[in-house]
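Structure file my_file26.pdb (PDB, C-alpha atoms) follows.
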ATOM      1  CA  MET A   1       0.000   0.000   0.000
ATOM      2  CA  LYS A   2       2.859   2.323   0.823
ATOM      3  CA  LYS A   3       4.157   2.058  -2.743
ATOM      4  CA  ARG A   4       0.696   2.726  -4.028
ATOM      5  CA  LEU A   5       0.282   5.490  -1.548
ATOM      6  CA  PRO A   6      -1.816   8.054  -3.169
ATOM      7  CA  MET A   7      -1.183   8.304  -6.884
ATOM      8  CA  ILE A   8      -2.449  11.773  -6.144
ATOM      9  CA  LEU A   9       0.974  12.596  -4.769
ATOM     10  CA  VAL A  10       2.406  11.734  -8.209
ATOM     11  CA  PHE A  11      -0.030  14.305  -9.594
ATOM     12  CA  VAL A  12       0.853  16.877  -6.988
ATOM     13  CA  LEU A  13       4.643  16.332  -7.120
ATOM     14  CA  SER A  14       4.941  16.369 -10.911
ATOM     15  CA  ILE A  15       2.633  19.268 -11.443
ATOM     16  CA  SER A  16       4.481  22.672 -11.882
ATOM     17  CA  LEU A  17       1.419  24.692 -12.559
ATOM     18  CA  LEU A  18       0.551  28.329 -13.599
ATOM     19  CA  LEU A  19      -1.690  29.946 -10.828
ATOM     20  CA  ILE A  20      -2.193  32.315  -7.689
ATOM     21  CA  ASN A  21      -1.972  32.949  -3.994
ATOM     22  CA  THR A  22      -5.036  32.673  -1.949
ATOM     23  CA  ARG A  23      -3.812  34.044   1.387
ATOM     24  CA  GLN A  24      -6.084  31.545   3.042
ATOM     25  CA  ASN A  25      -5.198  29.326   5.889
ATOM     26  CA  PHE A  26      -5.280  25.592   5.565
ATOM     27  CA  ILE A  27      -8.950  24.739   5.344
ATOM     28  CA  GLN A  28      -9.946  21.309   6.636
ATOM     29  CA  PRO A  29     -12.673  19.452   4.636
ATOM     30  CA  SER A  30     -15.691  21.517   5.595
ATOM     31  CA  ASN A  31     -18.765  20.049   7.182
ATOM     32  CA  LYS A  32     -18.511  16.609   8.526
ATOM     33  CA  THR A  33     -20.733  14.399   6.345
ATOM     34  CA  PRO A  34     -21.375  10.964   7.785
ATOM     35  CA  LEU A  35     -18.307   8.683   7.493
ATOM     36  CA  GLU A  36     -18.289   6.734   4.208
ATOM     37  CA  ARG A  37     -18.729   2.975   4.596
ATOM     38  CA  PRO A  38     -15.863   0.830   3.201
ATOM     39  CA  LYS A  39     -16.540  -0.553  -0.284
ATOM     40  CA  THR A  40     -15.695  -4.156  -1.055
ATOM     41  CA  THR A  41     -14.672  -3.321  -4.603
ATOM     42  CA  TYR A  42     -11.421  -1.609  -3.569
ATOM     43  CA  SER A  43      -8.073  -3.009  -2.487
ATOM     44  CA  TRP A  44      -7.577  -0.423   0.217
ATOM     45  CA  GLN A  45      -9.357   2.682   1.479
ATOM     46  CA  ILE A  46      -8.537   5.600   3.745
ATOM     47  CA  PHE A  47     -11.150   7.889   5.331
ATOM     48  CA  ASP A  48     -10.652  11.405   6.676
ATOM     49  CA  SER A  49      -6.967  11.212   5.996
ATOM     50  CA  THR A  50      -4.189  13.745   6.230
ATOM     51  CA  THR A  51      -0.985  12.877   4.463
ATOM     52  CA  TRP A  52       2.145  14.917   4.964
ATOM     53  CA  GLN A  53       5.233  14.275   2.888
ATOM     54  CA  ILE A  54       8.466  16.097   3.710
ATOM     55  CA  ASN A  55      11.600  16.049   1.641
ATOM     56  CA  LYS A  56      14.245  14.715   4.047
ATOM     57  CA  SER A  57      17.061  16.546   2.306
ATOM     58  CA  ALA A  58      15.213  19.882   2.282
ATOM     59  CA  PRO A  59      12.529  19.654   4.971
ATOM     60  CA  ASP A  60      11.662  23.329   4.988
ATOM     61  CA  GLN A  61      11.888  23.650   1.227
ATOM     62  CA  GLN A  62       9.660  20.917  -0.070
ATOM     63  CA  GLN A  63       6.517  19.622   1.597
ATOM     64  CA  THR A  64       3.248  18.200   0.374
ATOM     65  CA  TYR A  65       0.131  18.213   2.478
ATOM     66  CA  LEU A  66      -2.983  16.356   1.369
ATOM     67  CA  THR A  67      -6.307  15.818   3.054
ATOM     68  CA  ALA A  68      -9.287  13.935   1.676
ATOM     69  CA  ARG A  69     -12.569  12.683   3.021
ATOM     70  CA  ALA A  70     -11.991   9.337   1.371
ATOM     71  CA  ILE A  71      -9.457   7.653  -0.879
ATOM     72  CA  HIS A  72     -10.223   4.285  -2.473
ATOM     73  CA  TYR A  73      -7.603   2.407  -4.454
ATOM     74  CA  GLN A  74      -7.944  -0.685  -6.696
ATOM     75  CA  ASN A  75      -4.632  -2.501  -7.159
ATOM     76  CA  ASP A  76      -5.222  -4.418 -10.393
ATOM     77  CA  SER A  77      -6.903  -1.610 -12.374
ATOM     78  CA  LYS A  78      -4.631   1.001 -10.738
ATOM     79  CA  GLN A  79      -7.717   3.136 -10.295
ATOM     80  CA  SER A  80      -8.325   5.452  -7.363
ATOM     81  CA  ASP A  81     -11.336   7.544  -6.374
ATOM     82  CA  PHE A  82     -11.241  10.293  -3.798
ATOM     83  CA  THR A  83     -13.614  12.859  -2.279
ATOM     84  CA  THR A  84     -12.856  16.508  -1.371
ATOM     85  CA  PRO A  85      -9.122  16.342  -1.982
ATOM     86  CA  PHE A  86      -7.303  19.410  -0.737
ATOM     87  CA  SER A  87      -3.615  19.591  -1.353
ATOM     88  CA  ILE A  88      -0.886  22.108  -0.687
ATOM     89  CA  GLN A  89       2.490  21.667  -2.258
ATOM     90  CA  GLN A  90       5.290  23.838  -0.947
ATOM     91  CA  LYS A  91       8.318  24.240  -3.184
ATOM     92  CA  PRO A  92      11.298  26.603  -2.719
ATOM     93  CA  ASN A  93       9.578  29.580  -4.402
ATOM     94  CA  GLU A  94       6.095  28.380  -5.192
ATOM     95  CA  THR A  95       3.077  27.293  -3.180
ATOM     96  CA  LEU A  96       0.442  25.326  -5.043
ATOM     97  CA  LEU A  97      -3.093  24.671  -3.801
ATOM     98  CA  ILE A  98      -5.439  22.192  -5.444
ATOM     99  CA  ARG A  99      -8.967  21.391  -4.323
ATOM    100  CA  SER A 100     -12.128  19.885  -5.790
ATOM    101  CA  LEU A 101     -15.214  18.012  -4.678
ATOM    102  CA  LYS A 102     -14.221  14.716  -6.276
ATOM    103  CA  GLY A 103     -11.432  13.108  -8.210
ATOM    104  CA  SER A 104     -10.155   9.883  -9.694
ATOM    105  CA  SER A 105      -6.961   8.568 -11.195
ATOM    106  CA  GLN A 106      -6.198   5.940 -13.836
ATOM    107  CA  ASN A 107      -3.042   3.868 -14.317
ATOM    108  CA  ASP A 108      -1.204   5.994 -11.758
ATOM    109  CA  GLN A 109      -0.762   8.568 -14.513
ATOM    110  CA  THR A 110      -3.937  10.473 -15.320
ATOM    111  CA  ILE A 111      -5.875  12.358 -12.682
ATOM    112  CA  HIS A 112      -9.357  13.788 -13.171
ATOM    113  CA  LEU A 113     -10.724  16.416 -10.793
ATOM    114  CA  GLU A 114     -14.392  17.337 -10.716
ATOM    115  CA  GLY A 115     -16.671  19.816  -8.921
ATOM    116  CA  LYS A 116     -15.536  23.347  -7.929
ATOM    117  CA  VAL A 117     -12.008  22.686  -9.086
ATOM    118  CA  GLN A 118      -9.606  25.379  -7.880
ATOM    119  CA  ILE A 119      -5.896  25.411  -8.634
ATOM    120  CA  GLU A 120      -3.970  28.332  -7.207
ATOM    121  CA  SER A 121      -0.324  29.133  -6.968
ATOM    122  CA  ALA A 122       1.649  31.838  -5.244
ATOM    123  CA  SER A 123       5.139  32.457  -6.525
ATOM    124  CA  SER A 124       7.868  34.665  -5.180
ATOM    125  CA  ASN A 125       9.457  35.218  -8.565
ATOM    126  CA  LYS A 126       6.729  34.315 -11.028
ATOM    127  CA  GLU A 127       3.189  35.570 -11.586
ATOM    128  CA  ASN A 128       0.474  34.433  -9.183
ATOM    129  CA  LYS A 129      -2.382  32.752 -11.024
ATOM    130  CA  SER A 130      -5.593  30.930 -10.304
ATOM    131  CA  LEU A 131      -7.702  28.562 -12.366
ATOM    132  CA  GLN A 132     -11.350  27.771 -11.692
ATOM    133  CA  THR A 133     -13.468  25.233 -13.518
ATOM    134  CA  GLU A 134     -15.882  22.336 -12.979
ATOM    135  CA  GLN A 135     -13.566  19.633 -14.239
ATOM    136  CA  ILE A 136     -10.049  19.093 -15.462
ATOM    137  CA  THR A 137      -7.787  16.179 -16.338
ATOM    138  CA  TYR A 138      -4.035  16.069 -15.778
ATOM    139  CA  ASN A 139      -1.624  13.658 -17.442
ATOM    140  CA  SER A 140       1.575  13.434 -15.408
ATOM    141  CA  GLU A 141       3.453  11.878 -18.347
ATOM    142  CA  THR A 142       2.780  14.648 -20.861
ATOM    143  CA  GLU A 143       2.283  17.344 -18.183
ATOM    144  CA  GLN A 144      -0.871  18.374 -20.059
ATOM    145  CA  LEU A 145      -3.930  19.819 -18.368
ATOM    146  CA  VAL A 146      -7.127  19.652 -20.415
ATOM    147  CA  ASN A 147     -10.907  20.080 -20.143
ATOM    148  CA  HIS A 148     -13.896  20.802 -22.393
ATOM    149  CA  VAL A 149     -15.902  23.113 -20.138
ATOM    150  CA  PHE A 150     -15.987  26.741 -19.018
ATOM    151  CA  THR A 151     -12.750  27.795 -17.327
ATOM    152  CA  LYS A 152     -11.531  31.014 -15.743
ATOM    153  CA  LEU A 153      -7.832  31.856 -15.575
ATOM    154  CA  THR A 154      -6.818  34.862 -13.459
ATOM    155  CA  THR A 155      -3.527  36.655 -13.004
ATOM    156  CA  PRO A 156      -2.946  39.984 -11.259
ATOM    157  CA  ASN A 157      -4.133  42.159 -14.180
ATOM    158  CA  VAL A 158      -5.451  39.732 -16.781
ATOM    159  CA  THR A 159      -8.596  37.599 -16.572
ATOM    160  CA  ILE A 160      -9.415  35.085 -19.299
ATOM    161  CA  THR A 161     -12.540  32.981 -19.613
ATOM    162  CA  GLY A 162     -13.431  30.488 -22.267
ATOM    163  CA  VAL A 163     -14.492  26.939 -23.003
ATOM    164  CA  GLY A 164     -12.141  24.052 -23.660
ATOM    165  CA  PHE A 165      -8.922  24.825 -21.806
ATOM    166  CA  SER A 166      -5.636  23.038 -22.359
ATOM    167  CA  ALA A 167      -2.190  23.817 -21.021
ATOM    168  CA  ASN A 168       1.290  22.471 -21.537
ATOM    169  CA  LEU A 169       2.945  23.087 -18.214
ATOM    170  CA  LYS A 170       6.481  22.581 -19.430
ATOM    171  CA  GLN A 171       6.257  25.324 -22.050
ATOM    172  CA  ASP A 172       3.913  27.613 -20.112
ATOM    173  CA  GLN A 173       1.493  27.609 -23.051
ATOM    174  CA  TYR A 174      -2.266  27.361 -22.908
ATOM    175  CA  LYS A 175      -5.280  27.432 -25.226
ATOM    176  CA  PHE A 176      -8.987  28.135 -25.070
ATOM    177  CA  GLU A 177     -11.055  26.442 -27.779
ATOM    178  CA  SER A 178     -14.076  28.785 -27.867
ATOM    179  CA  ASN A 179     -16.004  31.671 -26.362
ATOM    180  CA  VAL A 180     -12.848  33.504 -25.336
ATOM    181  CA  LYS A 181     -13.084  36.736 -23.372
ATOM    182  CA  THR A 182     -10.017  38.470 -21.958
ATOM    183  CA  GLN A 183      -9.793  41.580 -19.813
ATOM    184  CA  TYR A 184      -6.453  43.390 -19.567
ATOM    185  CA  GLN A 185      -6.512  45.925 -16.748
ATOM    186  CA  PRO A 186      -4.421  49.065 -17.295
ATOM    187  CA  HIS A 187      -1.114  49.015 -15.428
TER     188      HIS A 187
ATOM    189  CA  GLU B   1     -22.533  55.762 -24.597
ATOM    190  CA  ASN B   2     -18.887  55.932 -23.450
ATOM    191  CA  THR B   3     -17.190  58.924 -25.000
ATOM    192  CA  ALA B   4     -13.483  59.484 -25.414
ATOM    193  CA  ASN B   5     -13.285  62.318 -22.839
ATOM    194  CA  THR B   6     -11.323  60.043 -20.487
ATOM    195  CA  SER B   7      -8.470  58.968 -22.725
ATOM    196  CA  ASP B   8      -9.268  55.461 -23.930
ATOM    197  CA  GLU B   9      -5.700  54.347 -23.322
ATOM    198  CA  ASN B  10      -6.224  54.389 -19.527
ATOM    199  CA  LEU B  11      -9.195  52.049 -19.684
ATOM    200  CA  PRO B  12      -9.208  48.235 -19.543
ATOM    201  CA  VAL B  13      -8.849  46.390 -22.826
ATOM    202  CA  GLU B  14     -11.340  43.633 -23.559
ATOM    203  CA  VAL B  15     -10.775  41.016 -26.239
ATOM    204  CA  THR B  16     -13.378  38.513 -27.379
ATOM    205  CA  ALA B  17     -12.691  35.786 -29.930
ATOM    206  CA  ASP B  18     -13.499  32.254 -30.977
ATOM    207  CA  SER B  19     -10.186  30.818 -29.751
ATOM    208  CA  LEU B  20      -6.973  31.760 -27.989
ATOM    209  CA  ASN B  21      -3.467  30.343 -28.040
ATOM    210  CA  ALA B  22      -1.198  31.953 -25.448
ATOM    211  CA  LYS B  23       2.553  31.600 -24.883
ATOM    212  CA  ASP B  24       3.020  33.095 -21.451
ATOM    213  CA  LYS B  25       6.808  33.014 -21.327
ATOM    214  CA  GLU B  26       7.036  34.908 -24.613
ATOM    215  CA  GLY B  27       4.188  37.275 -23.689
ATOM    216  CA  VAL B  28       2.270  36.544 -26.890
ATOM    217  CA  SER B  29      -1.433  35.732 -27.298
ATOM    218  CA  ILE B  30      -2.964  34.786 -30.655
ATOM    219  CA  TYR B  31      -6.710  35.268 -30.900
ATOM    220  CA  GLN B  32      -8.569  33.832 -33.880
ATOM    221  CA  GLY B  33     -12.122  34.061 -35.243
ATOM    222  CA  ASN B  34     -14.431  37.099 -34.894
ATOM    223  CA  VAL B  35     -11.874  38.964 -32.833
ATOM    224  CA  VAL B  36     -13.096  42.212 -31.256
ATOM    225  CA  ILE B  37     -10.806  44.455 -29.196
ATOM    226  CA  THR B  38     -12.530  47.157 -27.199
ATOM    227  CA  GLN B  39     -11.006  49.967 -25.118
ATOM    228  CA  GLY B  40     -13.380  52.754 -24.197
ATOM    229  CA  THR B  41     -14.784  54.091 -27.481
ATOM    230  CA  THR B  42     -12.122  52.401 -29.600
ATOM    231  CA  THR B  43     -13.083  49.152 -31.280
ATOM    232  CA  ILE B  44     -10.857  47.117 -33.580
ATOM    233  CA  LYS B  45     -12.100  44.007 -35.369
ATOM    234  CA  GLY B  46     -10.364  41.327 -37.385
ATOM    235  CA  ASP B  47     -10.072  37.629 -38.138
ATOM    236  CA  LYS B  48      -6.754  37.130 -36.339
ATOM    237  CA  VAL B  49      -5.032  39.226 -33.712
ATOM    238  CA  THR B  50      -1.524  38.771 -32.378
ATOM    239  CA  LEU B  51      -1.190  40.558 -29.065
ATOM    240  CA  HIS B  52       2.242  41.210 -27.595
ATOM    241  CA  HIS B  53       2.046  41.741 -23.865
ATOM    242  CA  PRO B  54       5.439  41.455 -22.174
ATOM    243  CA  HIS B  55       4.903  41.406 -18.390
ATOM    244  CA  ARG B  56       1.158  41.388 -19.086
ATOM    245  CA  LYS B  57       1.222  44.920 -20.464
ATOM    246  CA  ILE B  58      -0.071  45.249 -24.039
ATOM    247  CA  SER B  59       2.632  46.720 -26.268
ATOM    248  CA  THR B  60       1.314  45.940 -29.771
ATOM    249  CA  ALA B  61      -1.722  44.400 -31.439
ATOM    250  CA  ILE B  62      -1.477  43.177 -35.039
ATOM    251  CA  VAL B  63      -4.924  42.755 -36.568
ATOM    252  CA  ILE B  64      -5.434  40.895 -39.835
ATOM    253  CA  GLY B  65      -8.807  40.849 -41.524
ATOM    254  CA  LYS B  66     -10.786  41.008 -44.722
ATOM    255  CA  PRO B  67     -10.676  43.803 -43.893
ATOM    256  CA  ALA B  68      -9.552  44.659 -40.395
ATOM    257  CA  THR B  69     -11.539  47.646 -39.147
ATOM    258  CA  PHE B  70     -11.372  50.237 -36.400
ATOM    259  CA  LYS B  71     -13.616  52.981 -35.081
ATOM    260  CA  ARG B  72     -13.192  55.590 -32.375
ATOM    261  CA  TYR B  73     -15.415  58.413 -31.111
ATOM    262  CA  LEU B  74     -13.875  61.907 -31.039
ATOM    263  CA  GLU B  75     -15.445  63.965 -28.296
ATOM    264  CA  GLU B  76     -14.263  67.350 -29.623
ATOM    265  CA  GLU B  77     -15.600  66.705 -33.108
ATOM    266  CA  LYS B  78     -18.663  64.886 -31.773
ATOM    267  CA  GLY B  79     -18.111  62.314 -34.475
ATOM    268  CA  TRP B  80     -16.479  59.004 -35.321
ATOM    269  CA  VAL B  81     -13.251  58.294 -37.082
ATOM    270  CA  THR B  82     -13.325  54.912 -38.793
ATOM    271  CA  GLY B  83     -10.894  52.992 -40.933
ATOM    272  CA  HIS B  84     -10.161  49.670 -42.564
ATOM    273  CA  ALA B  85      -7.207  47.887 -44.125
ATOM    274  CA  ASP B  86      -5.801  44.440 -44.725
ATOM    275  CA  LYS B  87      -3.671  44.874 -41.598
ATOM    276  CA  ILE B  88      -3.910  47.277 -38.656
ATOM    277  CA  THR B  89      -1.086  47.565 -36.132
ATOM    278  CA  TYR B  90      -1.719  49.303 -32.824
ATOM    279  CA  SER B  91       1.317  50.575 -30.922
ATOM    280  CA  ALA B  92       0.712  51.370 -27.268
ATOM    281  CA  ALA B  93       3.990  53.229 -26.901
ATOM    282  CA  GLN B  94       3.403  55.567 -29.835
ATOM    283  CA  LYS B  95      -0.398  55.503 -29.461
ATOM    284  CA  THR B  96      -0.757  55.059 -33.201
ATOM    285  CA  LEU B  97      -2.676  52.884 -35.623
ATOM    286  CA  LEU B  98      -0.814  51.859 -38.762
ATOM    287  CA  LEU B  99      -3.159  50.745 -41.556
ATOM    288  CA  GLU B 100      -1.551  48.788 -44.374
ATOM    289  CA  GLY B 101      -3.017  47.387 -47.606
ATOM    290  CA  HIS B 102      -6.115  48.987 -49.213
ATOM    291  CA  ALA B 103      -6.170  51.383 -46.286
ATOM    292  CA  GLN B 104      -8.811  54.025 -45.776
ATOM    293  CA  VAL B 105      -9.599  56.374 -42.874
ATOM    294  CA  ILE B 106     -12.801  58.408 -42.762
ATOM    295  CA  GLN B 107     -13.444  61.320 -40.381
ATOM    296  CA  GLU B 108     -17.199  61.505 -40.189
ATOM    297  CA  GLY B 109     -18.608  64.402 -42.220
ATOM    298  CA  LYS B 110     -15.146  65.830 -42.859
ATOM    299  CA  ASN B 111     -12.697  63.993 -45.083
ATOM    300  CA  SER B 112     -11.411  60.615 -46.047
ATOM    301  CA  ILE B 113      -8.006  59.426 -47.115
ATOM    302  CA  SER B 114      -7.050  56.178 -48.823
ATOM    303  CA  GLY B 115      -3.829  54.603 -49.973
ATOM    304  CA  PRO B 116      -1.481  51.677 -49.376
ATOM    305  CA  LYS B 117      -0.269  52.889 -45.938
ATOM    306  CA  ILE B 118      -1.854  55.337 -43.460
ATOM    307  CA  LEU B 119      -0.632  56.258 -39.988
ATOM    308  CA  TYR B 120      -3.244  57.607 -37.558
ATOM    309  CA  ASP B 121      -1.979  59.299 -34.388
ATOM    310  CA  LEU B 122      -4.552  58.681 -31.681
ATOM    311  CA  THR B 123      -3.298  61.487 -29.465
ATOM    312  CA  LEU B 124      -2.765  64.260 -32.031
ATOM    313  CA  LYS B 125      -5.581  62.908 -34.234
ATOM    314  CA  THR B 126      -3.409  63.428 -37.297
ATOM    315  CA  LEU B 127      -3.130  61.299 -40.428
ATOM    316  CA  SER B 128      -0.080  60.722 -42.568
ATOM    317  CA  ALA B 129      -0.143  58.569 -45.665
ATOM    318  CA  LYS B 130       2.472  57.045 -47.927
ATOM    319  CA  GLY B 131       1.728  56.220 -51.556
ATOM    320  CA  GLU B 132       3.506  54.032 -54.083
ATOM    321  CA  LYS B 133       4.015  54.417 -57.832
ATOM    322  CA  GLN B 134       0.937  52.462 -58.858
ATOM    323  CA  ASP B 135      -0.970  53.090 -55.652
ATOM    324  CA  ARG B 136      -1.229  56.784 -54.926
ATOM    325  CA  ILE B 137      -2.884  58.623 -52.055
ATOM    326  CA  LYS B 138      -6.405  59.936 -52.501
ATOM    327  CA  MET B 139      -7.998  62.560 -50.244
ATOM    328  CA  ILE B 140     -11.605  63.661 -50.328
ATOM    329  CA  PHE B 141     -12.658  66.777 -48.434
ATOM    330  CA  THR B 142     -16.301  67.335 -47.539
ATOM    331  CA  PRO B 143     -16.988  71.099 -47.615
ATOM    332  CA  ASP B 144     -18.758  72.568 -44.553
ATOM    333  CA  GLU B 145     -22.497  73.408 -44.909
ATOM    334  CA  GLN B 146     -21.768  77.196 -45.251
ATOM    335  CA  GLU B 147     -19.315  76.622 -48.024
ATOM    336  CA  GLN B 148     -21.876  74.501 -49.901
ATOM    337  CA  LYS B 149     -24.499  77.429 -50.023
TER     338      LYS B 149
END

For the file at hand, write its structure as structure tokens.
Amino acid sequence: MKKRLPMILVFVLSISLLLINTRQNFIQPSNKTPLERPKTTYSWQIFDSTTWQINKSAPDQQQTYLTARAIHYQNDSKQSDFTTPFSIQQKPNETLLIRSLKGSSQNDQTIHLEGKVQIESASSNKENKSLQTEQITYNSETEQLVNHVFTKLTTPNVTITGVGFSANLKQDQYKFESNVKTQYQPH
Amino acid sequence: ENTANTSDENLPVEVTADSLNAKDKEGVSIYQGNVVITQGTTTIKGDKVTLHHPHRKISTAIVIGKPATFKRYLEEEKGWVTGHADKITYSAAQKTLLLEGHAQVIQEGKNSISGPKILYDLTLKTLSAKGEKQDRIKMIFTPDEQEQK
């Protein structure tokens, strides 16, 4: 189980995203819904979990914090399902926050987030940005983010909305397929 | 109706389009399909717009269309200046519009100028045009009402 420990961490560790500071404190999963009952279809399950991963060689430089109401993992299909994931990844000069109502992962490589998806990043040397949408899929192999629904991307003086967002995180490039509207605020 | 008394250049810029391809590191955004750029009373339309925005500040907009068009309301003259061309380049630094290819600029009820290349200064509201051998400049002045009597 340890090895399989949340594929989500693969998503969180490999993601070097484009988004903004929230100046919020750590928010625990909000209201306490009744505890989920274990499902027999999964290899292992964790409920109301908090996972904290610290880089031994740089403990104050690199940490990953992840809470979730429930994580279910199926060994043979390498499929996981999780509810209200909330993750903070601290890197030397970037803090990344990811939250959504639900999520799932396939083959330990592709992660799909759904329901009030918010990805925010605060950077000391780069632009702060935030992305809001109802669903998004991330492929840790290609480092591509993609969806086919309405998405809002915000930076300090530019706000872009549109449908059908895709981003290549390595090259810092992104696209909107339709209904694009951008507002550039005067400097 | 927003008039150009507050200089348009200090207002937000809004761009709508069918699609967008942005290269953040290079500070370049390419908008395609029914592109409309609006800033106060200034509106520029085209099929494809390449926006250069180093550090998120718009420096130039290159508008291609069949034709690309612009319009802007002049408070002092209480009228519109409009223009069209194959390509319109907006420079934020110079505050100019450069119209190239079958270019024409019309100052409502006053005059119009056409030619291969026209430079419109948004601040001074002046026009300068450059002709070529086979493609000369043409100006049409509309006399005032008194002069017509």

Do you know which residues the PyMOL selection byres ((chain B and resi 18) around 10) returns on this file, as JSON, numbers by chain? {"A": [162, 163, 176, 177, 178, 179, 180, 181], "B": [16, 17, 19, 20, 31, 32, 33, 34, 35, 36, 47, 48]}

With a cut-off of 12 Å and counting all atoms listed in the file, select all residues of chain A in contact with chain B and give the selection as a VMD selection string. chain A and resid 18 126 to 127 129 153 to 187

May I have the residues from that selection written out with C-alpha atoms, as an mmCIF file, in the coordinates of the input?
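Written output follows (result.cif):
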data_model
loop_
_atom_site.group_PDB
_atom_site.id
_atom_site.type_symbol
_atom_site.label_atom_id
_atom_site.label_comp_id
_atom_site.auth_asym_id
_atom_site.auth_seq_id
_atom_site.Cartn_x
_atom_site.Cartn_y
_atom_site.Cartn_z
ATOM 1 C CA LEU A 18 0.551 28.329 -13.599
ATOM 2 C CA LYS A 126 6.729 34.315 -11.028
ATOM 3 C CA GLU A 127 3.189 35.570 -11.586
ATOM 4 C CA LYS A 129 -2.382 32.752 -11.024
ATOM 5 C CA LEU A 153 -7.832 31.856 -15.575
ATOM 6 C CA THR A 154 -6.818 34.862 -13.459
ATOM 7 C CA THR A 155 -3.527 36.655 -13.004
ATOM 8 C CA PRO A 156 -2.946 39.984 -11.259
ATOM 9 C CA ASN A 157 -4.133 42.159 -14.180
ATOM 10 C CA VAL A 158 -5.451 39.732 -16.781
ATOM 11 C CA THR A 159 -8.596 37.599 -16.572
ATOM 12 C CA ILE A 160 -9.415 35.085 -19.299
ATOM 13 C CA THR A 161 -12.540 32.981 -19.613
ATOM 14 C CA GLY A 162 -13.431 30.488 -22.267
ATOM 15 C CA VAL A 163 -14.492 26.939 -23.003
ATOM 16 C CA GLY A 164 -12.141 24.052 -23.660
ATOM 17 C CA PHE A 165 -8.922 24.825 -21.806
ATOM 18 C CA SER A 166 -5.636 23.038 -22.359
ATOM 19 C CA ALA A 167 -2.190 23.817 -21.021
ATOM 20 C CA ASN A 168 1.290 22.471 -21.537
ATOM 21 C CA LEU A 169 2.945 23.087 -18.214
ATOM 22 C CA LYS A 170 6.481 22.581 -19.430
ATOM 23 C CA GLN A 171 6.257 25.324 -22.050
ATOM 24 C CA ASP A 172 3.913 27.613 -20.112
ATOM 25 C CA GLN A 173 1.493 27.609 -23.051
ATOM 26 C CA TYR A 174 -2.266 27.361 -22.908
ATOM 27 C CA LYS A 175 -5.280 27.432 -25.226
ATOM 28 C CA PHE A 176 -8.987 28.135 -25.070
ATOM 29 C CA GLU A 177 -11.055 26.442 -27.779
ATOM 30 C CA SER A 178 -14.076 28.785 -27.867
ATOM 31 C CA ASN A 179 -16.004 31.671 -26.362
ATOM 32 C CA VAL A 180 -12.848 33.504 -25.336
ATOM 33 C CA LYS A 181 -13.084 36.736 -23.372
ATOM 34 C CA THR A 182 -10.017 38.470 -21.958
ATOM 35 C CA GLN A 183 -9.793 41.580 -19.813
ATOM 36 C CA TYR A 184 -6.453 43.390 -19.567
ATOM 37 C CA GLN A 185 -6.512 45.925 -16.748
ATOM 38 C CA PRO A 186 -4.421 49.065 -17.295
ATOM 39 C CA HIS A 187 -1.114 49.015 -15.428
#

Exercise: Lys66 in chain B partners within 12 Å, only C-alpha atoms, chain neighbours under 2 positions left out, as number ranges by chain: B: 33-34, 45-48, 63-64, 68-69, 84-88, 101-103

In Å, how far is it from CA of Thr50 in chain B to CA of Glu143 in chain A?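 Computing it gives 26.0 Å between the two atoms.
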
If the PyMOL selection byres ((chain B and resi 119) around 8) is run on the structure shown, which residues does it catch, given as a list in words?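 What the PyMOL selection byres ((chain B and resi 119) around 8) grabs from the file is Thr96, Leu97, Leu98, Leu99, Lys117, Ile118, Tyr120, Asp121, Leu127, Ser128 and Ala129 of chain B.
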
Quick one: write out the picked residues with C-alpha atoms as an mmCIF file, in the frame of the given file?
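Contents of out.cif, as written:
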data_model
loop_
_atom_site.group_PDB
_atom_site.id
_atom_site.type_symbol
_atom_site.label_atom_id
_atom_site.label_comp_id
_atom_site.auth_asym_id
_atom_site.auth_seq_id
_atom_site.Cartn_x
_atom_site.Cartn_y
_atom_site.Cartn_z
ATOM 1 C CA THR B 96 -0.757 55.059 -33.201
ATOM 2 C CA LEU B 97 -2.676 52.884 -35.623
ATOM 3 C CA LEU B 98 -0.814 51.859 -38.762
ATOM 4 C CA LEU B 99 -3.159 50.745 -41.556
ATOM 5 C CA LYS B 117 -0.269 52.889 -45.938
ATOM 6 C CA ILE B 118 -1.854 55.337 -43.460
ATOM 7 C CA TYR B 120 -3.244 57.607 -37.558
ATOM 8 C CA ASP B 121 -1.979 59.299 -34.388
ATOM 9 C CA LEU B 127 -3.130 61.299 -40.428
ATOM 10 C CA SER B 128 -0.080 60.722 -42.568
ATOM 11 C CA ALA B 129 -0.143 58.569 -45.665
#

Between A:Gln144, A:Gln106, A:Thr95, A:Thr151, which is the closest to Asn128 in chain A once you count only C-alpha atoms?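 Of the candidates, the smallest distance to Asn128 in chain A is held by A:Thr95.
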
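A straight line drawn from CA of Ala70 in chain A to CA of Ile54 in chain A is 21.7 Å long.
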
Distance query Arg69 in chain A at most 6 Å, only C-alpha atoms, self and fewer than 4 positions along chain excluded, as an NGL selection string: :A and (47-48 or 83-84)

Selection under test: the PyMOL selection byres ((chain A and resi 115) around 6); residues as a short mmCIF file (atom, residue, chain, number, x, y, z; two decimals) with C-alpha atoms, keeping the file's coordinate frame:
data_model
loop_
_atom_site.label_atom_id
_atom_site.label_comp_id
_atom_site.auth_asym_id
_atom_site.auth_seq_id
_atom_site.Cartn_x
_atom_site.Cartn_y
_atom_site.Cartn_z
CA SER A 100 -12.13 19.89 -5.79
CA LEU A 101 -15.21 18.01 -4.68
CA GLU A 114 -14.39 17.34 -10.72
CA LYS A 116 -15.54 23.35 -7.93
CA VAL A 117 -12.01 22.69 -9.09
CA GLU A 134 -15.88 22.34 -12.98
#

Centre, edges in Å (one decimal): axis-aligned box, range 47-50 of chain A, 3 Å padding on all six sides, as AutoDock Vina command-line options:
--center_x -7.7 --center_y 10.8 --center_z 6.0 --size_x 13.0 --size_y 11.9 --size_z 7.3
